[in-house]
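Listing of start-v1.cif; format and content: mmCIF, C-alpha atoms (C1' of nucleotides) and all ligand atoms.
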```cif
data_data
loop_
_atom_site.label_atom_id
_atom_site.label_comp_id
_atom_site.auth_asym_id
_atom_site.auth_seq_id
_atom_site.Cartn_x
_atom_site.Cartn_y
_atom_site.Cartn_z
CA MET A 1 -24.21 7.21 11.68
CA THR A 2 -27.30 5.90 13.43
CA SER A 3 -27.91 2.27 14.15
CA GLN A 4 -30.42 2.07 11.34
CA ALA A 5 -28.31 1.16 8.36
CA PHE A 6 -31.28 -0.85 7.17
CA GLU A 7 -32.51 2.51 5.92
CA ALA A 8 -31.19 4.59 3.07
CA HIS A 9 -28.38 6.93 3.99
CA ASP A 10 -25.31 8.68 2.68
CA HIS A 11 -23.02 5.73 2.66
CA ARG A 12 -19.89 7.61 1.64
CA SER A 13 -19.97 9.38 4.96
CA CYS A 14 -20.13 6.00 6.73
CA ILE A 15 -16.75 5.15 5.25
CA ALA A 16 -15.21 8.59 5.64
CA GLU A 17 -16.32 9.03 9.20
CA GLY A 18 -15.37 5.51 10.15
CA VAL A 19 -11.84 5.91 8.89
CA ALA A 20 -11.44 9.41 10.28
CA SER A 21 -12.58 8.34 13.69
CA ALA A 22 -10.20 5.37 13.69
CA VAL A 23 -7.30 7.57 12.62
CA GLN A 24 -8.00 9.97 15.41
CA ILE A 25 -8.45 7.35 18.10
CA CYS A 26 -5.29 5.55 17.08
CA ALA A 27 -3.37 8.81 17.29
CA GLU A 28 -4.76 9.49 20.75
CA ARG A 29 -3.96 6.02 22.01
CA ASN A 30 -0.65 5.48 20.25
CA LEU A 31 -1.95 2.64 18.15
CA GLN A 32 -0.40 1.97 14.78
CA LEU A 33 -3.07 2.07 12.15
CA THR A 34 -0.82 0.61 9.49
CA LYS A 35 -1.64 0.47 5.82
CA ALA A 36 -3.04 -3.04 5.88
CA ARG A 37 -5.07 -2.39 9.03
CA GLN A 38 -6.59 0.78 7.69
CA ARG A 39 -7.35 -0.84 4.39
CA VAL A 40 -9.14 -3.75 6.07
CA LEU A 41 -11.19 -1.28 8.04
CA GLU A 42 -12.12 0.52 4.83
CA ILE A 43 -13.08 -2.76 3.22
CA LEU A 44 -15.33 -3.58 6.15
CA LEU A 45 -16.81 -0.10 6.18
CA SER A 46 -17.58 -0.35 2.50
CA GLU A 47 -20.50 -2.67 3.17
CA HIS A 48 -23.05 -3.04 5.94
CA ARG A 49 -22.51 -6.73 5.86
CA ALA A 50 -20.16 -9.17 7.52
CA MET A 51 -17.19 -10.29 5.46
CA GLY A 52 -15.12 -13.42 5.89
CA ALA A 53 -11.38 -13.20 6.41
CA TYR A 54 -10.69 -14.85 3.08
CA GLU A 55 -12.98 -12.51 1.24
CA ILE A 56 -11.05 -9.60 2.72
CA LEU A 57 -7.82 -11.32 1.91
CA GLU A 58 -8.76 -11.47 -1.76
CA VAL A 59 -9.03 -7.71 -1.85
CA LEU A 60 -5.72 -7.26 -0.09
CA ARG A 61 -4.10 -9.70 -2.47
CA ALA A 62 -5.42 -7.85 -5.51
CA GLU A 63 -3.93 -4.68 -4.13
CA GLY A 64 -0.57 -6.17 -3.26
CA LEU A 65 -1.06 -5.76 0.47
CA GLY A 66 -0.54 -9.39 1.30
CA SER A 67 -1.72 -12.76 0.15
CA GLN A 68 -1.56 -15.16 3.06
CA PRO A 69 -4.25 -15.76 5.69
CA PRO A 70 -2.29 -14.34 8.62
CA VAL A 71 -2.24 -10.97 6.90
CA ALA A 72 -6.00 -10.71 7.11
CA TYR A 73 -6.31 -12.31 10.51
CA ARG A 74 -3.70 -10.03 12.04
CA ALA A 75 -5.41 -6.92 10.79
CA LEU A 76 -8.76 -8.22 11.97
CA GLU A 77 -7.33 -9.05 15.36
CA PHE A 78 -6.08 -5.51 15.73
CA LEU A 79 -9.37 -4.01 14.64
CA THR A 80 -11.53 -6.17 16.86
CA LYS A 81 -9.21 -5.88 19.85
CA HIS A 82 -9.44 -2.11 19.74
CA GLY A 83 -13.11 -1.92 18.97
CA PHE A 84 -12.99 -0.79 15.35
CA ALA A 85 -14.63 -3.96 14.15
CA HIS A 86 -16.61 -6.84 15.55
CA ARG A 87 -16.69 -10.51 14.92
CA ILE A 88 -20.09 -11.99 14.08
CA GLU A 89 -19.96 -15.44 15.63
CA ARG A 90 -22.97 -16.73 13.80
CA LEU A 91 -21.28 -16.07 10.46
CA ASN A 92 -17.62 -16.54 11.32
CA ALA A 93 -17.16 -13.14 9.75
CA PHE A 94 -16.40 -9.54 10.58
CA ILE A 95 -18.02 -6.15 10.37
CA ALA A 96 -16.94 -2.58 11.03
CA CYS A 97 -18.15 -1.06 14.26
CA THR A 98 -20.71 1.70 13.88
CA HIS A 99 -20.55 2.92 17.47
CA VAL A 100 -16.85 3.40 17.88
CA ASP A 101 -16.86 5.87 20.72
CA ASN A 102 -19.52 4.47 23.01
CA ALA A 103 -19.40 1.82 25.62
CA HIS A 104 -20.16 -1.41 23.94
CA ALA A 105 -22.84 -4.01 24.36
CA PRO A 106 -23.73 -4.48 20.74
CA VAL A 107 -26.66 -6.46 19.44
CA PHE A 108 -26.32 -7.57 15.85
CA LEU A 109 -29.33 -7.95 13.62
CA ILE A 110 -28.47 -10.17 10.68
CA CYS A 111 -30.81 -10.30 7.70
CA ARG A 112 -30.60 -13.69 6.07
CA ALA A 113 -32.09 -12.39 2.83
CA CYS A 114 -30.09 -9.27 1.99
CA GLU A 115 -27.18 -10.08 4.31
CA ARG A 116 -27.18 -6.65 5.84
CA VAL A 117 -26.06 -6.51 9.45
CA VAL A 118 -26.96 -3.72 11.79
CA GLU A 119 -25.28 -3.02 15.09
CA ALA A 120 -27.67 -1.84 17.77
CA GLU A 121 -26.81 -0.89 21.31
CA ALA A 122 -28.14 -2.79 24.28
CA ASP A 123 -28.27 -1.92 27.90
CA PRO A 124 -26.58 -5.00 29.28
CA ALA A 125 -27.89 -4.32 32.78
CA GLN A 126 -31.41 -4.88 31.49
CA GLY A 127 -30.54 -7.87 29.41
CA GLU A 128 -31.37 -11.51 29.56
CA ILE A 129 -27.72 -12.56 29.39
CA ASP A 130 -26.59 -10.54 32.38
CA ARG A 131 -29.63 -11.65 34.30
CA ALA A 132 -28.86 -15.31 33.69
CA ALA A 133 -25.22 -14.75 34.57
CA ARG A 134 -25.99 -12.94 37.81
CA GLN A 135 -28.30 -15.69 38.86
CA ALA A 136 -25.63 -18.30 38.26
CA GLY A 137 -22.83 -16.27 39.82
CA PHE A 138 -21.10 -16.20 36.48
CA VAL A 139 -18.63 -13.43 35.59
CA VAL A 140 -19.23 -12.28 32.03
CA GLU A 141 -16.19 -11.14 30.10
CA ARG A 142 -17.68 -11.16 26.65
CA ALA A 143 -21.24 -11.58 25.46
CA VAL A 144 -22.56 -12.58 22.08
CA ARG A 145 -25.91 -11.05 21.16
CA GLU A 146 -26.93 -11.86 17.63
CA ALA A 147 -30.30 -12.20 15.96
CA GLU A 148 -30.81 -13.76 12.57
CA GLY A 149 -33.95 -13.09 10.62
CA LEU A 150 -35.42 -10.59 8.22
CA CYS A 151 -34.86 -6.86 8.07
CA PRO A 152 -37.89 -4.61 7.60
CA ALA A 153 -37.45 -4.36 3.85
CA CYS A 154 -36.97 -8.09 3.28
CA ALA A 155 -39.76 -8.99 5.70
CA SER A 156 -42.25 -6.83 3.84
CA GLY A 157 -41.28 -8.39 0.55
CA ALA A 158 -39.84 -5.11 -0.70
CA MET B 1 -31.69 -31.47 35.97
CA THR B 2 -31.56 -27.82 37.00
CA SER B 3 -29.71 -25.19 35.05
CA GLN B 4 -26.93 -25.12 37.60
CA ALA B 5 -24.56 -27.71 36.31
CA PHE B 6 -21.78 -25.52 37.63
CA GLU B 7 -22.66 -27.15 40.92
CA ALA B 8 -22.05 -30.70 42.01
CA HIS B 9 -24.81 -33.09 41.10
CA ASP B 10 -25.56 -36.69 40.29
CA HIS B 11 -24.24 -36.69 36.81
CA ARG B 12 -25.31 -40.20 35.92
CA SER B 13 -28.90 -39.06 36.11
CA CYS B 14 -28.09 -36.25 33.65
CA ILE B 15 -27.20 -38.86 31.08
CA ALA B 16 -29.95 -41.33 31.91
CA GLU B 17 -32.68 -38.73 31.98
CA GLY B 18 -31.44 -37.01 28.87
CA VAL B 19 -31.50 -40.21 26.86
CA ALA B 20 -34.79 -41.38 28.29
CA SER B 21 -36.48 -38.13 27.50
CA ALA B 22 -35.16 -38.16 23.95
CA VAL B 23 -36.32 -41.73 23.45
CA GLN B 24 -39.77 -40.83 24.62
CA ILE B 25 -40.09 -37.66 22.59
CA CYS B 26 -38.88 -39.38 19.45
CA ALA B 27 -41.46 -42.10 19.95
CA GLU B 28 -44.19 -39.51 20.40
CA ARG B 29 -43.20 -37.55 17.33
CA ASN B 30 -42.26 -40.42 15.06
CA LEU B 31 -38.63 -39.43 14.89
CA GLN B 32 -36.00 -42.06 14.28
CA LEU B 33 -33.49 -41.97 17.09
CA THR B 34 -31.04 -44.23 15.31
CA LYS B 35 -28.03 -45.81 16.90
CA ALA B 36 -25.59 -43.12 15.78
CA ARG B 37 -27.94 -40.32 16.78
CA GLN B 38 -28.55 -41.71 20.21
CA ARG B 39 -24.88 -42.38 20.75
CA VAL B 40 -23.97 -38.81 19.81
CA LEU B 41 -26.55 -37.56 22.26
CA GLU B 42 -25.03 -39.76 24.96
CA ILE B 43 -21.58 -38.46 24.13
CA LEU B 44 -22.78 -34.89 24.44
CA LEU B 45 -24.65 -35.64 27.65
CA SER B 46 -21.56 -37.22 29.13
CA GLU B 47 -19.98 -33.81 29.68
CA HIS B 48 -21.29 -30.37 30.54
CA ARG B 49 -19.07 -28.91 27.92
CA ALA B 50 -19.32 -28.21 24.24
CA MET B 51 -17.74 -30.75 21.94
CA GLY B 52 -16.57 -30.27 18.39
CA ALA B 53 -17.91 -32.45 15.60
CA TYR B 54 -14.52 -34.03 15.05
CA GLU B 55 -14.09 -34.81 18.70
CA ILE B 56 -17.42 -36.62 18.63
CA LEU B 57 -16.44 -38.31 15.42
CA GLU B 58 -13.36 -39.78 17.09
CA VAL B 59 -15.56 -41.54 19.60
CA LEU B 60 -17.88 -42.85 16.92
CA ARG B 61 -14.92 -44.07 14.93
CA ALA B 62 -13.48 -45.92 17.91
CA GLU B 63 -16.82 -47.65 18.33
CA GLY B 64 -17.24 -48.53 14.69
CA LEU B 65 -20.23 -46.25 14.23
CA GLY B 66 -18.71 -44.30 11.38
CA SER B 67 -15.51 -42.54 10.54
CA GLN B 68 -16.25 -39.73 8.12
CA PRO B 69 -17.30 -36.16 9.00
CA PRO B 70 -20.80 -36.41 7.55
CA VAL B 71 -21.62 -39.12 10.07
CA ALA B 72 -21.11 -36.73 12.96
CA TYR B 73 -22.64 -33.74 11.24
CA ARG B 74 -25.75 -35.66 10.25
CA ALA B 75 -26.37 -36.82 13.77
CA LEU B 76 -25.73 -33.33 15.11
CA GLU B 77 -28.10 -31.85 12.57
CA PHE B 78 -30.84 -34.20 13.68
CA LEU B 79 -30.23 -33.46 17.34
CA THR B 80 -30.11 -29.70 16.97
CA LYS B 81 -33.03 -29.58 14.57
CA HIS B 82 -35.25 -31.35 17.07
CA GLY B 83 -33.99 -29.55 20.12
CA PHE B 84 -31.98 -32.33 21.76
CA ALA B 85 -28.75 -30.41 21.38
CA HIS B 86 -27.60 -26.89 20.72
CA ARG B 87 -24.83 -25.39 18.71
CA ILE B 88 -22.56 -22.97 20.59
CA GLU B 89 -21.64 -20.43 17.96
CA ARG B 90 -18.80 -18.96 19.92
CA LEU B 91 -17.07 -22.32 20.01
CA ASN B 92 -18.21 -23.92 16.78
CA ALA B 93 -19.22 -26.81 18.96
CA PHE B 94 -22.24 -28.62 20.37
CA ILE B 95 -23.82 -29.39 23.68
CA ALA B 96 -26.74 -31.47 24.86
CA CYS B 97 -29.87 -29.57 25.74
CA THR B 98 -30.73 -29.54 29.41
CA HIS B 99 -34.24 -28.13 29.01
CA VAL B 100 -35.65 -30.48 26.45
CA ASP B 101 -39.33 -30.01 27.14
CA ASN B 102 -39.59 -26.26 27.61
CA ALA B 103 -39.98 -23.48 25.15
CA HIS B 104 -36.55 -22.38 24.21
CA ALA B 105 -34.66 -19.13 24.52
CA PRO B 106 -31.46 -20.47 25.93
CA VAL B 107 -28.60 -18.41 27.30
CA PHE B 108 -25.28 -20.20 27.40
CA LEU B 109 -22.71 -19.42 30.06
CA ILE B 110 -19.30 -20.59 28.92
CA CYS B 111 -16.45 -20.83 31.41
CA ARG B 112 -13.18 -20.17 29.64
CA ALA B 113 -11.19 -21.81 32.45
CA CYS B 114 -12.89 -25.14 33.07
CA GLU B 115 -14.82 -25.19 29.78
CA ARG B 116 -18.09 -26.00 31.46
CA VAL B 117 -21.14 -24.67 29.68
CA VAL B 118 -24.46 -24.09 31.36
CA GLU B 119 -27.74 -23.56 29.60
CA ALA B 120 -30.00 -21.07 31.31
CA GLU B 121 -33.44 -20.00 30.23
CA ALA B 122 -34.21 -16.45 29.25
CA ASP B 123 -37.46 -14.67 28.82
CA PRO B 124 -36.95 -13.35 25.33
CA ALA B 125 -39.72 -10.79 25.68
CA GLN B 126 -37.70 -9.07 28.37
CA GLY B 127 -34.42 -9.35 26.55
CA GLU B 128 -32.07 -6.90 24.97
CA ILE B 129 -32.07 -8.72 21.64
CA ASP B 130 -35.80 -8.64 21.16
CA ARG B 131 -35.90 -5.06 22.26
CA ALA B 132 -33.31 -4.03 19.68
CA ALA B 133 -35.10 -6.03 17.02
CA ARG B 134 -38.49 -4.53 17.78
CA GLN B 135 -37.04 -1.07 17.62
CA ALA B 136 -35.53 -1.75 14.21
CA GLY B 137 -38.58 -3.56 12.85
CA PHE B 138 -36.49 -6.69 12.52
CA VAL B 139 -38.10 -10.15 12.53
CA VAL B 140 -36.04 -12.51 14.65
CA GLU B 141 -35.97 -16.13 13.56
CA ARG B 142 -33.07 -17.28 15.65
CA ALA B 143 -31.12 -15.59 18.42
CA VAL B 144 -27.68 -16.30 19.79
CA ARG B 145 -27.21 -15.53 23.47
CA GLU B 146 -23.84 -16.61 24.75
CA ALA B 147 -21.65 -15.28 27.54
CA GLU B 148 -18.02 -16.18 27.95
CA GLY B 149 -16.27 -15.68 31.24
CA LEU B 150 -15.67 -17.44 34.53
CA CYS B 151 -17.96 -19.76 36.38
CA PRO B 152 -18.35 -19.27 40.15
CA ALA B 153 -15.75 -21.88 41.00
CA CYS B 154 -13.13 -20.63 38.57
CA ALA B 155 -13.80 -16.97 39.42
CA SER B 156 -13.19 -17.60 43.09
CA GLY B 157 -9.94 -19.36 42.34
CA ALA B 158 -11.32 -22.62 43.64
"C1'" DG C 1 26.65 -1.04 17.68
"C1'" DG C 2 23.44 -4.02 20.15
"C1'" DC C 3 18.85 -4.46 22.36
"C1'" DT C 4 13.88 -4.54 22.36
"C1'" DG C 5 9.36 -4.39 20.83
"C1'" DT C 6 6.22 -4.42 17.10
"C1'" DA C 7 4.94 -5.51 12.63
"C1'" DT C 8 5.46 -8.48 8.29
"C1'" DG C 9 6.58 -12.29 5.38
"C1'" DA C 10 6.23 -17.05 4.41
"C1'" DT C 11 5.09 -21.84 4.91
"C1'" DA C 12 2.53 -25.32 6.68
"C1'" DT C 13 -1.16 -27.39 8.95
"C1'" DA C 14 -5.17 -27.65 11.92
"C1'" DA C 15 -10.03 -27.37 12.58
"C1'" DC C 16 -14.60 -26.98 10.97
"C1'" DA C 17 -18.20 -27.95 7.39
"C1'" DT C 18 -20.60 -29.36 3.12
"C1'" DA C 19 -21.49 -31.23 -1.70
"C1'" DT C 20 -22.44 -35.21 -4.23
"C1'" DC C 21 -23.63 -39.65 -5.64
"C1'" DA C 22 -24.39 -44.43 -4.71
"C1'" DA C 23 -26.36 -47.99 -1.81
"C1'" DC C 24 -29.61 -49.62 1.34
"C1'" DC C 25 -33.86 -50.36 3.88
"C1'" DC C 26 -38.53 -49.97 5.14
"C1'" DC C 27 -43.03 -49.59 3.93
"C1'" DA C 28 -46.93 -48.97 1.38
"C1'" DA C 29 -49.56 -48.71 -3.04
"C1'" DT C 30 -50.38 -50.91 -7.23
"C1'" DA D 1 -44.37 -59.54 -5.73
"C1'" DT D 2 -43.06 -55.74 -7.64
"C1'" DT D 3 -42.38 -50.92 -7.85
"C1'" DG D 4 -41.44 -46.50 -6.10
"C1'" DG D 5 -40.67 -42.99 -2.59
"C1'" DG D 6 -38.65 -41.27 1.73
"C1'" DG D 7 -35.38 -41.39 4.88
"C1'" DT D 8 -30.84 -43.12 6.28
"C1'" DT D 9 -26.14 -44.46 5.59
"C1'" DG D 10 -21.60 -45.11 3.11
"C1'" DA D 11 -17.91 -43.11 0.76
"C1'" DT D 12 -15.15 -39.69 -1.51
"C1'" DA D 13 -13.88 -35.28 -2.32
"C1'" DT D 14 -13.67 -30.62 -1.50
"C1'" DG D 15 -14.55 -26.16 0.54
"C1'" DT D 16 -14.02 -22.82 4.31
"C1'" DT D 17 -12.14 -20.85 8.42
"C1'" DA D 18 -8.22 -20.32 11.66
"C1'" DT D 19 -3.70 -20.88 13.82
"C1'" DA D 20 1.19 -22.42 14.74
"C1'" DT D 21 5.77 -21.47 13.79
"C1'" DC D 22 9.88 -19.51 12.37
"C1'" DA D 23 12.19 -15.96 9.83
"C1'" DT D 24 12.83 -11.10 8.54
"C1'" DA D 25 12.40 -6.07 8.69
"C1'" DC D 26 12.37 -1.88 10.94
"C1'" DA D 27 12.13 1.90 14.41
"C1'" DG D 28 13.35 3.76 18.99
"C1'" DC D 29 16.42 3.56 22.62
"C1'" DC D 30 20.71 2.98 25.35
ZN ZN E 201 -23.59 3.18 5.18
ZN ZN E 202 -19.52 -1.54 17.80
ZN ZN E 203 -24.53 -33.56 34.87
ZN ZN E 204 -15.16 -22.86 35.33
#
```
As structure tokens, how would this structure be written, given the file I've shared?
Ligand SMILES: [Zn+2]
Ligand SMILES: [Zn+2]
Ligand SMILES: [Zn+2]
Ligand SMILES: [Zn+2]
Amino acid sequence: MTSQAFEAHDHRSCIAEGVASAVQICAERNLQLTKARQRVLEILLSEHRAMGAYEILEVLRAEGLGSQPPVAYRALEFLTKHGFAHRIERLNAFIACTHVDNAHAPVFLICRACERVVEAEADPAQGEIDRAARQAGFVVERAVREAEGLCPACASGA
Amino acid sequence: MTSQAFEAHDHRSCIAEGVASAVQICAERNLQLTKARQRVLEILLSEHRAMGAYEILEVLRAEGLGSQPPVAYRALEFLTKHGFAHRIERLNAFIACTHVDNAHAPVFLICRACERVVEAEADPAQGEIDRAARQAGFVVERAVREAEGLCPACASGA
DNA sequence: GGCTGTATGATATAACATATCAACCCCAAT
DNA sequence: ATTGGGGTTGATATGTTATATCATACAGCC
């Protein structure tokens, strides 16, 4: 699972590994990966694209796992709180994390044409956000790093 | 108008200069800074904090400048499109630009305690977002750089 | 049994944003 | 002076995202 999901890859292993790693981490940390939570993670893992809470909710509803907004939002809160998913602020939507183990300073690259979203890793210490914060004496608790544009394939007209 | 609005300053000049500079630029570029547009800019300039469209709309409504959501959103679209205001994605809200003339790669520092928002300038070429994009062959059209945390005053318990 | 903490269910509402069509106004070309 | 286009505004409706609140279920513990 590299950061380059813009490229072709064995996507079934993305899902399998993502779920397996969440199962293991939850066991280690005594977190309850309940049915709905796991299913939402699978739904997110199924596409390299950000999904809205209501889009996820539709799937849950079809499967009898819940039909009201809080069902989706609660699962998403759990997943984002524990690092299994991220919120994409630009899209008001969510995506599965593809760097579950590592320390996290993700940069999201959002293709406006094919909607794919890739999570890359940044070194925050070398970043423009931390630099600006340091200079202002600002204590960063959370940073949003998102770029919208065209992925290599869409940019080249492929 | 430095980037350090976390510090005390003559705030009346923030408003006066912000409006004056917008008036001038609109004249130069043949943009129509209509009554509603200018008033929304003034409203945004009146606080170093991001305001939601509906919060702005309340003010417009009280002043008889319009009462329906599109009124606020249209003015905000004009202001953001031409660089007089920015959208803060993290907050789904808007703030007046404090660097109107310069080239723009703003970093926003959002204090979760006092709600103040400061716009700092980044050098995108030295940034983590551009670096990640270059590495992935991604063409950036728009970047979101926002940090949430505590401003110097709130961090020190002042 | 009763207590506690966590997770779910269920209802309602808040908050944010856009689509659409009609009306108006300015200005310029015929 | 009329006509037509572009940009702006008015007005209504609707779509989308998110949270508040209260009730219920269930498991682990004493
Ligand atoms: Zn994949
Ligand atoms: Zn991640
Ligand atoms: Zn000021
Ligand atoms: Zn503060």
Residue list as a list in words for point (14.7, -5.3, 7.7), cut-off 12 Å, all atoms listed in the file: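 Output: DA7, DT8 and DG9 of chain C; DA23, DT24, DA25, DC26 and DA27 of chain D.
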Near-DC22 of chain D list (12 Å; only C-alpha atoms (C1' of nucleotides); drop same-chain fewer than 3 positions) as an MDAnalysis selection string: chainID C and resid 9:12
Which of these, D:DC29, D:DG10, D:DA20, D:DG15, has the shortest distance to DC21 of chain C once you count all atoms listed in the file?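 Nearest to DC21 of chain C: D:DG10.
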Neighbours of chain B in chain D at 12 Å, counting only C-alpha atoms (C1' of nucleotides), as a PyMOL selection string: chain D and resi 7-13+17-18
If I put a ball of radius 10 Å at (-15.3, -22.9, 18.4) in the file's coordinates, which residues poke into it when counting all atoms listed in the file, written as an MDAnalysis selection string? (chainID A and resid 89 92) or (chainID B and resid 50:52 87:94) or (chainID C and resid 15:16)
Deliver the residues from the most recent selection as a file, using C-alpha atoms (C1' of nucleotides), as a PDB file, keeping the file's coordinate frame.
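Final output, selection-v9.pdb:
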```pdb
ATOM      1  CA  GLU A  89     -19.960 -15.440  15.630  1.00  0.00           C
ATOM      2  CA  ASN A  92     -17.620 -16.540  11.320  1.00  0.00           C
TER       3      ASN A  92
ATOM      4  CA  ALA B  50     -19.320 -28.210  24.240  1.00  0.00           C
ATOM      5  CA  MET B  51     -17.740 -30.750  21.940  1.00  0.00           C
ATOM      6  CA  GLY B  52     -16.570 -30.270  18.390  1.00  0.00           C
ATOM      7  CA  ARG B  87     -24.830 -25.390  18.710  1.00  0.00           C
ATOM      8  CA  ILE B  88     -22.560 -22.970  20.590  1.00  0.00           C
ATOM      9  CA  GLU B  89     -21.640 -20.430  17.960  1.00  0.00           C
ATOM     10  CA  ARG B  90     -18.800 -18.960  19.920  1.00  0.00           C
ATOM     11  CA  LEU B  91     -17.070 -22.320  20.010  1.00  0.00           C
ATOM     12  CA  ASN B  92     -18.210 -23.920  16.780  1.00  0.00           C
ATOM     13  CA  ALA B  93     -19.220 -26.810  18.960  1.00  0.00           C
ATOM     14  CA  PHE B  94     -22.240 -28.620  20.370  1.00  0.00           C
TER      15      PHE B  94
ATOM     16  C1'  DA C  15     -10.030 -27.370  12.580  1.00  0.00           C
ATOM     17  C1'  DC C  16     -14.600 -26.980  10.970  1.00  0.00           C
TER      18       DC C  16
END
```
Env. residues ligand ZN 201 (chain E) / 9 Å / all atoms listed in the file / as a PyMOL selection string: chain A and resi 1+5-15+45-48
